[in-house]
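Undergrad: See target-v6.pdb below, with PDB, C-alpha atoms, pLDDT in the B column.
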```pdb
ATOM      1  CA  MET A   1      19.603   6.021  -9.599  1.00 64.00           C
ATOM      2  CA  ASP A   2      22.077   3.139  -9.633  1.00 85.00           C
ATOM      3  CA  LEU A   3      20.987  -0.478  -9.981  1.00 96.00           C
ATOM      4  CA  SER A   4      22.544  -3.096  -7.720  1.00 98.00           C
ATOM      5  CA  PHE A   5      23.219  -6.660  -8.886  1.00 98.00           C
ATOM      6  CA  GLN A   6      22.298  -9.702  -6.772  1.00 98.00           C
ATOM      7  CA  LEU A   7      25.352 -11.923  -7.069  1.00 98.00           C
ATOM      8  CA  TYR A   8      23.201 -15.052  -6.671  1.00 98.00           C
ATOM      9  CA  SER A   9      22.253 -14.452 -10.312  1.00 98.00           C
ATOM     10  CA  ALA A  10      25.836 -15.239 -11.378  1.00 98.00           C
ATOM     11  CA  ARG A  11      26.590 -18.119  -8.998  1.00 98.00           C
ATOM     12  CA  ASP A  12      26.930 -20.552 -11.932  1.00 98.00           C
ATOM     13  CA  PHE A  13      29.298 -18.282 -13.884  1.00 98.00           C
ATOM     14  CA  THR A  14      32.244 -17.940 -11.545  1.00 98.00           C
ATOM     15  CA  PRO A  15      35.162 -17.340 -10.895  1.00 98.00           C
ATOM     16  CA  TRP A  16      33.994 -14.287  -9.009  1.00 98.00           C
ATOM     17  CA  GLU A  17      36.903 -12.240 -10.283  1.00 98.00           C
ATOM     18  CA  ASP A  18      35.470 -12.556 -13.793  1.00 98.00           C
ATOM     19  CA  VAL A  19      31.899 -11.848 -12.659  1.00 98.00           C
ATOM     20  CA  ILE A  20      32.844  -8.725 -10.714  1.00 98.00           C
ATOM     21  CA  SER A  21      34.954  -7.376 -13.549  1.00 98.00           C
ATOM     22  CA  MET A  22      32.139  -8.047 -16.020  1.00 98.00           C
ATOM     23  CA  ILE A  23      29.386  -6.271 -14.123  1.00 98.00           C
ATOM     24  CA  ALA A  24      31.614  -3.336 -13.198  1.00 98.00           C
ATOM     25  CA  GLY A  25      32.424  -2.934 -16.875  1.00 98.00           C
ATOM     26  CA  MET A  26      28.708  -2.670 -17.650  1.00 97.00           C
ATOM     27  CA  GLY A  27      28.261   0.293 -15.334  1.00 97.00           C
ATOM     28  CA  TYR A  28      27.013  -1.368 -12.156  1.00 98.00           C
ATOM     29  CA  THR A  29      28.359   0.316  -9.041  1.00 98.00           C
ATOM     30  CA  GLN A  30      26.686  -1.881  -6.388  1.00 98.00           C
ATOM     31  CA  VAL A  31      26.109  -5.552  -5.698  1.00 98.00           C
ATOM     32  CA  GLU A  32      24.014  -7.495  -3.203  1.00 99.00           C
ATOM     33  CA  GLY A  33      25.681 -10.363  -1.402  1.00 98.00           C
ATOM     34  CA  PHE A  34      24.531 -13.903  -0.605  1.00 98.00           C
ATOM     35  CA  GLY A  35      26.022 -16.843   1.259  1.00 97.00           C
ATOM     36  CA  GLY A  36      28.233 -17.891  -1.633  1.00 97.00           C
ATOM     37  CA  VAL A  37      30.528 -14.888  -1.263  1.00 98.00           C
ATOM     38  CA  TYR A  38      30.977 -14.644   2.515  1.00 98.00           C
ATOM     39  CA  GLU A  39      33.611 -17.343   3.108  1.00 97.00           C
ATOM     40  CA  ASP A  40      36.443 -14.775   3.046  1.00 98.00           C
ATOM     41  CA  ALA A  41      34.668 -11.455   3.441  1.00 98.00           C
ATOM     42  CA  PRO A  42      37.805  -9.266   3.619  1.00 98.00           C
ATOM     43  CA  ALA A  43      39.152 -10.778   0.402  1.00 98.00           C
ATOM     44  CA  PHE A  44      35.839 -10.302  -1.370  1.00 98.00           C
ATOM     45  CA  ARG A  45      35.729  -6.700  -0.139  1.00 98.00           C
ATOM     46  CA  ALA A  46      39.156  -6.169  -1.680  1.00 98.00           C
ATOM     47  CA  LEU A  47      37.872  -7.548  -4.977  1.00 98.00           C
ATOM     48  CA  LEU A  48      34.916  -5.157  -4.903  1.00 98.00           C
ATOM     49  CA  ASP A  49      37.137  -2.202  -4.010  1.00 98.00           C
ATOM     50  CA  ALA A  50      39.482  -2.983  -6.887  1.00 98.00           C
ATOM     51  CA  ASN A  51      36.549  -2.811  -9.291  1.00 98.00           C
ATOM     52  CA  GLY A  52      34.882   0.279  -7.832  1.00 98.00           C
ATOM     53  CA  LEU A  53      31.897  -1.626  -6.437  1.00 98.00           C
ATOM     54  CA  THR A  54      30.145  -1.439  -3.071  1.00 98.00           C
ATOM     55  CA  MET A  55      27.849  -3.930  -1.303  1.00 98.00           C
ATOM     56  CA  PRO A  56      25.166  -1.925   0.532  1.00 98.00           C
ATOM     57  CA  SER A  57      22.968  -4.968   1.154  1.00 98.00           C
ATOM     58  CA  GLY A  58      23.217  -8.704   1.631  1.00 98.00           C
ATOM     59  CA  HIS A  59      21.197 -11.867   2.212  1.00 98.00           C
ATOM     60  CA  PHE A  60      21.855 -14.169   5.169  1.00 98.00           C
ATOM     61  CA  PHE A  61      20.021 -17.502   5.535  1.00 98.00           C
ATOM     62  CA  PRO A  62      18.442 -19.045   7.573  1.00 97.00           C
ATOM     63  CA  VAL A  63      16.843 -16.979  10.332  1.00 97.00           C
ATOM     64  CA  GLY A  64      19.365 -18.563  12.685  1.00 97.00           C
ATOM     65  CA  SER A  65      21.999 -16.402  10.988  1.00 98.00           C
ATOM     66  CA  PHE A  66      20.509 -13.574  13.053  1.00 98.00           C
ATOM     67  CA  GLU A  67      20.164 -15.636  16.212  1.00 98.00           C
ATOM     68  CA  GLU A  68      22.925 -18.036  17.244  1.00 98.00           C
ATOM     69  CA  GLY A  69      24.880 -17.086  14.117  1.00 98.00           C
ATOM     70  CA  LEU A  70      24.570 -13.337  14.613  1.00 98.00           C
ATOM     71  CA  GLY A  71      28.217 -12.754  15.471  1.00 98.00           C
ATOM     72  CA  ASP A  72      29.466 -14.275  12.220  1.00 98.00           C
ATOM     73  CA  THR A  73      26.766 -12.494  10.235  1.00 98.00           C
ATOM     74  CA  LEU A  74      27.670  -9.088  11.622  1.00 98.00           C
ATOM     75  CA  ALA A  75      31.382  -9.697  11.096  1.00 98.00           C
ATOM     76  CA  SER A  76      30.838 -10.558   7.428  1.00 98.00           C
ATOM     77  CA  ALA A  77      28.441  -7.679   6.879  1.00 98.00           C
ATOM     78  CA  LYS A  78      30.763  -5.103   8.391  1.00 98.00           C
ATOM     79  CA  ALA A  79      33.808  -6.431   6.545  1.00 98.00           C
ATOM     80  CA  LEU A  80      31.903  -6.050   3.282  1.00 98.00           C
ATOM     81  CA  GLY A  81      30.584  -2.580   4.101  1.00 98.00           C
ATOM     82  CA  MET A  82      26.895  -3.511   4.214  1.00 98.00           C
ATOM     83  CA  GLU A  83      24.180  -1.286   5.624  1.00 98.00           C
ATOM     84  CA  ARG A  84      21.072  -3.466   5.112  1.00 98.00           C
ATOM     85  CA  LEU A  85      20.802  -7.140   5.990  1.00 98.00           C
ATOM     86  CA  PHE A  86      17.928  -9.271   4.749  1.00 98.00           C
ATOM     87  CA  CYS A  87      16.730 -12.762   5.583  1.00 98.00           C
ATOM     88  CA  PRO A  88      15.793 -14.064   2.122  1.00 97.00           C
ATOM     89  CA  ALA A  89      13.498 -17.019   2.788  1.00 95.00           C
ATOM     90  CA  PRO A  90      11.776 -19.146   5.423  1.00 93.00           C
ATOM     91  CA  GLU A  91      13.179 -22.525   6.359  1.00 92.00           C
ATOM     92  CA  ASP A  92      11.672 -25.555   4.626  1.00 91.00           C
ATOM     93  CA  ALA A  93       9.229 -26.165   7.465  1.00 90.00           C
ATOM     94  CA  TYR A  94       7.345 -22.983   6.578  1.00 91.00           C
ATOM     95  CA  ARG A  95       7.076 -23.659   2.862  1.00 90.00           C
ATOM     96  CA  ASP A  96       4.577 -26.498   2.904  1.00 79.00           C
ATOM     97  CA  GLY A  97       1.935 -26.995   5.542  1.00 73.00           C
ATOM     98  CA  ALA A  98       2.923 -24.439   8.183  1.00 88.00           C
ATOM     99  CA  ASP A  99      -0.056 -22.713   9.783  1.00 94.00           C
ATOM    100  CA  ALA A 100      -0.719 -19.131  10.841  1.00 95.00           C
ATOM    101  CA  ALA A 101       0.644 -19.787  14.320  1.00 95.00           C
ATOM    102  CA  ALA A 102       3.964 -20.953  12.880  1.00 95.00           C
ATOM    103  CA  TRP A 103       4.278 -17.900  10.628  1.00 96.00           C
ATOM    104  CA  THR A 104       3.389 -15.643  13.542  1.00 97.00           C
ATOM    105  CA  GLU A 105       6.144 -17.225  15.595  1.00 96.00           C
ATOM    106  CA  LEU A 106       8.562 -16.714  12.691  1.00 97.00           C
ATOM    107  CA  ALA A 107       7.581 -13.050  12.545  1.00 98.00           C
ATOM    108  CA  LYS A 108       8.262 -12.651  16.258  1.00 98.00           C
ATOM    109  CA  ARG A 109      11.711 -14.168  15.771  1.00 98.00           C
ATOM    110  CA  LEU A 110      12.345 -11.660  12.988  1.00 98.00           C
ATOM    111  CA  GLU A 111      11.295  -8.779  15.221  1.00 98.00           C
ATOM    112  CA  VAL A 112      13.791  -9.828  17.878  1.00 98.00           C
ATOM    113  CA  ALA A 113      16.502 -10.348  15.260  1.00 98.00           C
ATOM    114  CA  GLY A 114      15.837  -6.930  13.795  1.00 98.00           C
ATOM    115  CA  GLN A 115      16.417  -5.230  17.122  1.00 98.00           C
ATOM    116  CA  LYS A 116      19.738  -7.008  17.560  1.00 98.00           C
ATOM    117  CA  VAL A 117      20.894  -5.987  14.087  1.00 98.00           C
ATOM    118  CA  ARG A 118      19.873  -2.371  14.656  1.00 98.00           C
ATOM    119  CA  ASP A 119      21.666  -2.402  18.016  1.00 98.00           C
ATOM    120  CA  ALA A 120      24.787  -3.252  16.024  1.00 98.00           C
ATOM    121  CA  GLY A 121      24.267  -0.190  13.825  1.00 98.00           C
ATOM    122  CA  LEU A 122      22.842  -1.932  10.762  1.00 98.00           C
ATOM    123  CA  ARG A 123      19.393  -2.341   9.206  1.00 98.00           C
ATOM    124  CA  PHE A 124      17.318  -5.517   8.951  1.00 98.00           C
ATOM    125  CA  GLY A 125      14.434  -6.783   6.882  1.00 98.00           C
ATOM    126  CA  TRP A 126      12.675  -9.655   5.165  1.00 98.00           C
ATOM    127  CA  HIS A 127      12.882 -10.665   1.506  1.00 98.00           C
ATOM    128  CA  ASN A 128       9.844 -12.517   0.196  1.00 98.00           C
ATOM    129  CA  HIS A 129       9.252 -15.377  -2.189  1.00 97.00           C
ATOM    130  CA  HIS A 130       5.844 -16.704  -3.257  1.00 97.00           C
ATOM    131  CA  TRP A 131       5.041 -18.731  -0.134  1.00 96.00           C
ATOM    132  CA  GLU A 132       4.215 -15.582   1.814  1.00 97.00           C
ATOM    133  CA  PHE A 133       1.281 -14.793  -0.482  1.00 97.00           C
ATOM    134  CA  MET A 134      -0.371 -18.198  -0.500  1.00 94.00           C
ATOM    135  CA  PRO A 135      -3.398 -17.814   1.809  1.00 94.00           C
ATOM    136  CA  PHE A 136      -4.486 -20.199   4.505  1.00 93.00           C
ATOM    137  CA  ALA A 137      -8.008 -21.657   4.456  1.00 90.00           C
ATOM    138  CA  ASP A 138      -9.338 -18.679   6.424  1.00 92.00           C
ATOM    139  CA  GLY A 139      -7.790 -16.217   3.970  1.00 93.00           C
ATOM    140  CA  THR A 140      -4.901 -15.163   6.196  1.00 95.00           C
ATOM    141  CA  ILE A 141      -1.803 -14.173   4.190  1.00 97.00           C
ATOM    142  CA  PRO A 142       1.567 -15.124   5.722  1.00 97.00           C
ATOM    143  CA  MET A 143       3.187 -11.893   4.499  1.00 98.00           C
ATOM    144  CA  GLN A 144       0.619  -9.887   6.437  1.00 98.00           C
ATOM    145  CA  LEU A 145       1.463 -11.865   9.563  1.00 98.00           C
ATOM    146  CA  ILE A 146       5.127 -10.937   9.124  1.00 98.00           C
ATOM    147  CA  LEU A 147       4.283  -7.265   8.675  1.00 98.00           C
ATOM    148  CA  ASP A 148       1.924  -7.271  11.657  1.00 98.00           C
ATOM    149  CA  HIS A 149       4.073  -9.220  14.104  1.00 98.00           C
ATOM    150  CA  ALA A 150       7.458  -7.839  13.092  1.00 98.00           C
ATOM    151  CA  PRO A 151       6.411  -4.179  12.918  1.00 98.00           C
ATOM    152  CA  SER A 152       9.890  -2.670  13.068  1.00 98.00           C
ATOM    153  CA  ILE A 153      11.593  -4.608  10.267  1.00 98.00           C
ATOM    154  CA  GLU A 154      11.980  -3.477   6.669  1.00 98.00           C
ATOM    155  CA  TRP A 155      10.690  -5.274   3.593  1.00 98.00           C
ATOM    156  CA  GLU A 156      12.812  -5.994   0.560  1.00 98.00           C
ATOM    157  CA  MET A 157      10.020  -6.712  -1.905  1.00 98.00           C
ATOM    158  CA  ASP A 158      10.817  -9.261  -4.590  1.00 98.00           C
ATOM    159  CA  VAL A 159       8.151  -7.976  -6.910  1.00 98.00           C
ATOM    160  CA  ALA A 160       8.119 -10.882  -9.346  1.00 98.00           C
ATOM    161  CA  TRP A 161       7.753 -13.406  -6.545  1.00 98.00           C
ATOM    162  CA  VAL A 162       4.722 -11.450  -5.313  1.00 98.00           C
ATOM    163  CA  VAL A 163       3.181 -12.015  -8.747  1.00 98.00           C
ATOM    164  CA  ARG A 164       4.081 -15.700  -8.705  1.00 98.00           C
ATOM    165  CA  GLY A 165       2.371 -15.923  -5.337  1.00 97.00           C
ATOM    166  CA  GLY A 166      -0.863 -14.761  -6.965  1.00 97.00           C
ATOM    167  CA  ALA A 167      -0.908 -11.254  -5.475  1.00 98.00           C
ATOM    168  CA  ASP A 168      -0.960  -7.766  -6.971  1.00 98.00           C
ATOM    169  CA  PRO A 169       2.318  -5.996  -6.147  1.00 98.00           C
ATOM    170  CA  LEU A 170       0.847  -2.540  -6.755  1.00 98.00           C
ATOM    171  CA  GLU A 171      -1.747  -3.153  -4.040  1.00 98.00           C
ATOM    172  CA  TRP A 172       0.901  -4.348  -1.600  1.00 98.00           C
ATOM    173  CA  ILE A 173       3.161  -1.397  -2.402  1.00 98.00           C
ATOM    174  CA  ALA A 174       0.326   1.069  -1.811  1.00 98.00           C
ATOM    175  CA  ALA A 175      -0.627  -0.567   1.478  1.00 98.00           C
ATOM    176  CA  ASN A 176       2.942  -0.846   2.802  1.00 98.00           C
ATOM    177  CA  ALA A 177       4.742   2.219   1.515  1.00 97.00           C
ATOM    178  CA  ASP A 178       6.316   2.772   4.926  1.00 97.00           C
ATOM    179  CA  ARG A 179       7.879  -0.703   5.018  1.00 98.00           C
ATOM    180  CA  ILE A 180       9.328  -1.261   1.545  1.00 98.00           C
ATOM    181  CA  THR A 181      12.834   0.174   1.435  1.00 98.00           C
ATOM    182  CA  THR A 182      14.450  -2.124  -1.112  1.00 98.00           C
ATOM    183  CA  ALA A 183      13.154  -4.044  -4.123  1.00 98.00           C
ATOM    184  CA  HIS A 184      14.283  -6.867  -6.364  1.00 98.00           C
ATOM    185  CA  VAL A 185      13.887  -5.981 -10.014  1.00 98.00           C
ATOM    186  CA  LYS A 186      13.097  -9.283 -11.696  1.00 98.00           C
ATOM    187  CA  ASP A 187      10.983 -10.241 -14.705  1.00 98.00           C
ATOM    188  CA  ILE A 188       8.694 -13.130 -15.627  1.00 98.00           C
ATOM    189  CA  ALA A 189       8.766 -14.625 -19.112  1.00 98.00           C
ATOM    190  CA  PRO A 190       5.557 -15.054 -21.125  1.00 97.00           C
ATOM    191  CA  ALA A 191       3.830 -18.391 -20.548  1.00 96.00           C
ATOM    192  CA  GLY A 192       5.720 -21.229 -22.180  1.00 96.00           C
ATOM    193  CA  GLU A 193       8.938 -19.268 -22.728  1.00 97.00           C
ATOM    194  CA  CYS A 194      12.331 -19.537 -21.005  1.00 98.00           C
ATOM    195  CA  ALA A 195      11.482 -22.943 -19.550  1.00 97.00           C
ATOM    196  CA  ASP A 196      15.180 -23.729 -19.086  1.00 97.00           C
ATOM    197  CA  GLU A 197      15.421 -20.560 -16.965  1.00 98.00           C
ATOM    198  CA  ASP A 198      12.482 -21.515 -14.731  1.00 98.00           C
ATOM    199  CA  GLY A 199      10.271 -19.046 -16.566  1.00 98.00           C
ATOM    200  CA  TRP A 200      12.225 -15.959 -15.531  1.00 98.00           C
ATOM    201  CA  ALA A 201      13.251 -13.250 -17.997  1.00 98.00           C
ATOM    202  CA  ASP A 202      15.777 -10.463 -18.213  1.00 98.00           C
ATOM    203  CA  VAL A 203      14.450  -7.190 -16.798  1.00 98.00           C
ATOM    204  CA  GLY A 204      12.368  -5.435 -19.428  1.00 97.00           C
ATOM    205  CA  HIS A 205      12.040  -8.549 -21.566  1.00 98.00           C
ATOM    206  CA  GLY A 206       9.171 -10.204 -19.725  1.00 98.00           C
ATOM    207  CA  THR A 207       5.621  -9.515 -18.657  1.00 98.00           C
ATOM    208  CA  MET A 208       6.158  -7.240 -15.642  1.00 98.00           C
ATOM    209  CA  ASP A 209       5.011  -3.628 -16.004  1.00 98.00           C
ATOM    210  CA  TRP A 210       8.226  -2.131 -14.689  1.00 97.00           C
ATOM    211  CA  PRO A 211       7.504   1.505 -15.580  1.00 97.00           C
ATOM    212  CA  ALA A 212       4.369   1.436 -13.396  1.00 98.00           C
ATOM    213  CA  LEU A 213       6.029  -0.637 -10.687  1.00 98.00           C
ATOM    214  CA  MET A 214       9.076   1.623 -10.506  1.00 98.00           C
ATOM    215  CA  ALA A 215       6.865   4.686 -10.255  1.00 98.00           C
ATOM    216  CA  ALA A 216       4.952   3.132  -7.364  1.00 98.00           C
ATOM    217  CA  LEU A 217       8.101   1.971  -5.573  1.00 98.00           C
ATOM    218  CA  ARG A 218       9.767   5.364  -5.876  1.00 97.00           C
ATOM    219  CA  LYS A 219       6.617   7.061  -4.620  1.00 97.00           C
ATOM    220  CA  ALA A 220       6.709   4.717  -1.630  1.00 97.00           C
ATOM    221  CA  GLY A 221      10.249   5.837  -0.853  1.00 97.00           C
ATOM    222  CA  CYS A 222      12.054   2.677  -1.943  1.00 97.00           C
ATOM    223  CA  ASP A 223      15.635   3.749  -2.625  1.00 97.00           C
ATOM    224  CA  LEU A 224      17.611   0.574  -3.392  1.00 98.00           C
ATOM    225  CA  PHE A 225      16.848  -1.570  -6.439  1.00 98.00           C
ATOM    226  CA  VAL A 226      18.518  -4.925  -7.080  1.00 98.00           C
ATOM    227  CA  ALA A 227      18.507  -6.813 -10.388  1.00 98.00           C
ATOM    228  CA  GLU A 228      18.063 -10.559 -10.019  1.00 98.00           C
ATOM    229  CA  HIS A 229      17.434 -13.617 -12.168  1.00 98.00           C
ATOM    230  CA  ASP A 230      17.127 -16.904 -10.300  1.00 98.00           C
ATOM    231  CA  LYS A 231      18.380 -19.117 -13.131  1.00 98.00           C
ATOM    232  CA  PRO A 232      19.870 -17.302 -16.127  1.00 98.00           C
ATOM    233  CA  ASN A 233      21.551 -19.392 -18.795  1.00 98.00           C
ATOM    234  CA  ASP A 234      23.724 -16.397 -19.692  1.00 98.00           C
ATOM    235  CA  ALA A 235      24.719 -14.070 -16.860  1.00 98.00           C
ATOM    236  CA  ARG A 236      26.335 -11.544 -19.195  1.00 98.00           C
ATOM    237  CA  ARG A 237      23.168 -11.226 -21.255  1.00 98.00           C
ATOM    238  CA  PHE A 238      21.013 -10.862 -18.169  1.00 98.00           C
ATOM    239  CA  ALA A 239      23.254  -8.251 -16.565  1.00 98.00           C
ATOM    240  CA  GLN A 240      23.571  -6.141 -19.704  1.00 98.00           C
ATOM    241  CA  ARG A 241      19.955  -6.241 -20.827  1.00 98.00           C
ATOM    242  CA  SER A 242      18.689  -5.584 -17.317  1.00 98.00           C
ATOM    243  CA  ILE A 243      20.769  -2.478 -16.617  1.00 98.00           C
ATOM    244  CA  THR A 244      19.941  -1.130 -20.076  1.00 98.00           C
ATOM    245  CA  SER A 245      16.198  -1.569 -19.418  1.00 97.00           C
ATOM    246  CA  PHE A 246      16.423  -0.155 -15.899  1.00 97.00           C
ATOM    247  CA  LYS A 247      17.912   3.102 -17.151  1.00 96.00           C
ATOM    248  CA  THR A 248      14.674   3.770 -19.073  1.00 96.00           C
ATOM    249  CA  TYR A 249      12.347   3.492 -16.059  1.00 95.00           C
TER     250      TYR A 249
END
```
Please go through the file and, once you have read it, give me the structure as C-alpha cells.

TA:
Amino acid sequence: MDLSFQLYSARDFTPWEDVISMIAGMGYTQVEGFGGVYEDAPAFRALLDANGLTMPSGHFFPVGSFEEGLGDTLASAKALGMERLFCPAPEDAYRDGADAAAWTELAKRLEVAGQKVRDAGLRFGWHNHHWEFMPFADGTIPMQLILDHAPSIEWEMDVAWVVRGGADPLEWIAANADRITTAHVKDIAPAGECADEDGWADVGHGTMDWPALMAALRKAGCDLFVAEHDKPNDARRFAQRSITSFKTY
C-alpha cells in the first residue's frame, strides 16, 4: 500500500521542483495538496506528471472554499486529478470559545458542502486537529457534533492530533469505522524532545503505536494514508524515515 505525502510538510523547503523530485526519488507515488500549490494548478499537475506522482487528495481552507469559492476549488481539484477533497480546519472563531451550537452550525455547512462536491463527481470530508476533541462543560465533543450533523461526509483522521486533543484514537476508529476513509500518519515526539519541531516526530520515531493504529485503520476500511509533519527542520529526513517506517506496518 503506497504512502502519500502531505506537501504542507515541505512548504519551507521549496522550490517545489526540488521537493517533488526528492520525494519521487524516495519511492512516493502520491502527494496530498494544500493551498500553497494551487496557484497554477495545471503547471503543478505537469510537474507531478513529469515525476510519476499523482494527487488523489487535497486540502482546501476555509469552509468558504466549498461555498462561495466552490467553483475555484473544483477547478483546481480537477486540474490536479484529485478524487477526495478535505476541509482541514475550522476558522479561528471555532478554536477558542465557540459553543456546541456554533459547531453544530459548522457541521450543517459541511453537510451542504459535501453534497455540492459529490454532485460535481468528487468526494468530501473533514480533517481534524485537536480542537474537535476538547469537550464543552457538559461533556459534548465537537468532533461528535460534526459526525452527527454532517452524516454523509467522510473523515480524514489526523491520528496524532486526536491524541493531542486528549482522546484515544483506537476508540474513535472503532466507533466510526464507516466514516474514516483517509488518515494522516504523523508521530509525536517523547516529552521534552523535538521542541524546535513543535514536538512532532518522524513517523516511527515517536510515541505513537503505529502498528496497532494501522491495523485498526485497515480493518475499518481506510485506504489512503498520508505522511505529515507540521514543522520538520529537515524535510528530506522526515520523508525518508517516514516512508521507511511505513513499509514495516

Undergrad: So which residues touch Glu105 of chain A within 12 Å, counting only C-alpha atoms, skipping near sequence neighbours fewer than 2 positions away, as a list of chain:residue names?

TA: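 With the cut-off at 12 Å, the set is A:Val63, A:Pro90, A:Tyr94, A:Ala98, A:Asp99, A:Ala100, A:Ala101, A:Ala102, A:Trp103, A:Ala107, A:Lys108, A:Arg109, A:Leu110, A:Glu111, A:Val112, A:Pro142, A:Leu145, A:Ile146, A:Asp148, A:His149, A:Ala150.
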
Undergrad: Have a look at A:Ala201, A:Met26, A:Ile173, A:Met55 and name the one nearest to Asn233 of chain A; count all atoms listed in the file.

TA: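 Checking each candidate against Asn233 of chain A, we get A:Ala201 as the closest.
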
Undergrad: Taking the file as shown, find all residues satisfying the PyMOL selection byres ((chain A and resi 56) around 12) and write them as a PyMOL selection string.

TA: chain A and resi 2-6+29-33+45+48+53-55+57-59+77-86+122-123+182+223-226

Undergrad: Residues of the last selection are to be written out with C-alpha atoms, as an mmCIF file, keeping the file's coordinate frame.

TA:
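This is the output file out-v4.cif:
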```
data_model
loop_
_atom_site.group_PDB
_atom_site.id
_atom_site.type_symbol
_atom_site.label_atom_id
_atom_site.label_comp_id
_atom_site.auth_asym_id
_atom_site.auth_seq_id
_atom_site.Cartn_x
_atom_site.Cartn_y
_atom_site.Cartn_z
ATOM 1 C CA ASP A 2 22.077 3.139 -9.633
ATOM 2 C CA LEU A 3 20.987 -0.478 -9.981
ATOM 3 C CA SER A 4 22.544 -3.096 -7.720
ATOM 4 C CA PHE A 5 23.219 -6.660 -8.886
ATOM 5 C CA GLN A 6 22.298 -9.702 -6.772
ATOM 6 C CA THR A 29 28.359 0.316 -9.041
ATOM 7 C CA GLN A 30 26.686 -1.881 -6.388
ATOM 8 C CA VAL A 31 26.109 -5.552 -5.698
ATOM 9 C CA GLU A 32 24.014 -7.495 -3.203
ATOM 10 C CA GLY A 33 25.681 -10.363 -1.402
ATOM 11 C CA ARG A 45 35.729 -6.700 -0.139
ATOM 12 C CA LEU A 48 34.916 -5.157 -4.903
ATOM 13 C CA LEU A 53 31.897 -1.626 -6.437
ATOM 14 C CA THR A 54 30.145 -1.439 -3.071
ATOM 15 C CA MET A 55 27.849 -3.930 -1.303
ATOM 16 C CA SER A 57 22.968 -4.968 1.154
ATOM 17 C CA GLY A 58 23.217 -8.704 1.631
ATOM 18 C CA HIS A 59 21.197 -11.867 2.212
ATOM 19 C CA ALA A 77 28.441 -7.679 6.879
ATOM 20 C CA LYS A 78 30.763 -5.103 8.391
ATOM 21 C CA ALA A 79 33.808 -6.431 6.545
ATOM 22 C CA LEU A 80 31.903 -6.050 3.282
ATOM 23 C CA GLY A 81 30.584 -2.580 4.101
ATOM 24 C CA MET A 82 26.895 -3.511 4.214
ATOM 25 C CA GLU A 83 24.180 -1.286 5.624
ATOM 26 C CA ARG A 84 21.072 -3.466 5.112
ATOM 27 C CA LEU A 85 20.802 -7.140 5.990
ATOM 28 C CA PHE A 86 17.928 -9.271 4.749
ATOM 29 C CA LEU A 122 22.842 -1.932 10.762
ATOM 30 C CA ARG A 123 19.393 -2.341 9.206
ATOM 31 C CA THR A 182 14.450 -2.124 -1.112
ATOM 32 C CA ASP A 223 15.635 3.749 -2.625
ATOM 33 C CA LEU A 224 17.611 0.574 -3.392
ATOM 34 C CA PHE A 225 16.848 -1.570 -6.439
ATOM 35 C CA VAL A 226 18.518 -4.925 -7.080
#
```

Undergrad: Going by the chain IDs and residue numbers used in this file, which residues fall under the PyMOL selection byres ((chain A and resi 7-17) around 8)? Write them as a list in words.

TA: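 Output of the PyMOL selection byres ((chain A and resi 7-17) around 8): Phe5, Gln6, Asp18, Val19, Ile20, Ser21, Val31, Glu32, Gly33, Phe34, Gly36, Leu47, Glu228, His229, Asp230, Lys231, Pro232 and Ala235 of chain A.
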
Undergrad: How would the residues just chosen look if you wrote them out with C-alpha atoms as a JSON list (two decimals), in the coordinates of the input?

TA:
```json
[["chain", "number", "residue", "atom", "x", "y", "z"],
["A", 5, "PHE", "CA", 23.22, -6.66, -8.89],
["A", 6, "GLN", "CA", 22.30, -9.70, -6.77],
["A", 18, "ASP", "CA", 35.47, -12.56, -13.79],
["A", 19, "VAL", "CA", 31.90, -11.85, -12.66],
["A", 20, "ILE", "CA", 32.84, -8.72, -10.71],
["A", 21, "SER", "CA", 34.95, -7.38, -13.55],
["A", 31, "VAL", "CA", 26.11, -5.55, -5.70],
["A", 32, "GLU", "CA", 24.01, -7.50, -3.20],
["A", 33, "GLY", "CA", 25.68, -10.36, -1.40],
["A", 34, "PHE", "CA", 24.53, -13.90, -0.60],
["A", 36, "GLY", "CA", 28.23, -17.89, -1.63],
["A", 47, "LEU", "CA", 37.87, -7.55, -4.98],
["A", 228, "GLU", "CA", 18.06, -10.56, -10.02],
["A", 229, "HIS", "CA", 17.43, -13.62, -12.17],
["A", 230, "ASP", "CA", 17.13, -16.90, -10.30],
["A", 231, "LYS", "CA", 18.38, -19.12, -13.13],
["A", 232, "PRO", "CA", 19.87, -17.30, -16.13],
["A", 235, "ALA", "CA", 24.72, -14.07, -16.86]]
```

Undergrad: So that I can see what lies close to Gly199 of chain A, please list as a list in words the residues with an atom at most 9 Å from it, counting all atoms listed in the file and leaving out residues fewer than 2 positions away in the same chain.

TA: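 Result of the neighbour search: Ile188, Ala189, Pro190, Ala191, Gly192, Glu193, Cys194, Ala195, Asp196, Glu197, Ala201 and Lys231 of chain A.
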
Undergrad: For the provided coordinates, the residues matched by the PyMOL selection byres ((chain A and resi 239) around 8) should be stated as a PyMOL selection string.

TA: chain A and resi 5+23+26+202+227+235-238+240-243

Undergrad: Got a sec: who's within 8 Å of Trp155 of chain A, counting all atoms listed in the file, leaving out chain neighbours fewer than 3 positions off, as a list in words?

TA: Gly125, Trp126, His127, Arg179, Ile180, Thr181 and Thr182 of chain A

Undergrad: Find the residue from A:Phe246, A:Phe124, A:Trp131, A:Trp200 that sits nearest to Met214 of chain A; use only C-alpha atoms when measuring.

TA: A:Phe246

Undergrad: Kindly indicate which residue among A:Met208, A:Ile153, A:Val117, A:Leu147 lies nearest to Glu67 of chain A, using only C-alpha atoms for the distances.

TA: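 Of all the options, A:Val117 lies closest to Glu67 of chain A.
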
Undergrad: Just how far from atom CA of Gly114 of chain A is atom CA of Leu74 of chain A, in Å to one decimal?

TA: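 Computing it gives 12.2 Å between the two atoms.
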
Undergrad: Which of these residues is nearest to Trp172 of chain A, using all atoms listed in the file: A:Leu217, A:Ala212, A:Met22, A:Ala137?

TA: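 Once distances to Trp172 of chain A are computed over all atoms listed in the file, the minimum belongs to A:Leu217.
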
Undergrad: Between atom CA of Phe44 of chain A and atom CA of His129 of chain A, what is the spacing in Å?

TA: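 Taking atom CA of His129 of chain A as the start and atom CA of Phe44 of chain A as the end point, the length is 27.1 Å.
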
Undergrad: Counting all atoms listed in the file, what is within 9 Å of Asn128 of chain A, bar same-chain residues fewer than 2 positions away, as a list in words?

TA: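 Near neighbours after the sequence-gap exclusion: Cys87, Pro88, Ala89, Pro90, Trp126, His130, Trp131, Glu132, Phe133, Met143, Trp155, Glu156, Met157, Asp158, Val159, Trp161 and Val162 of chain A.
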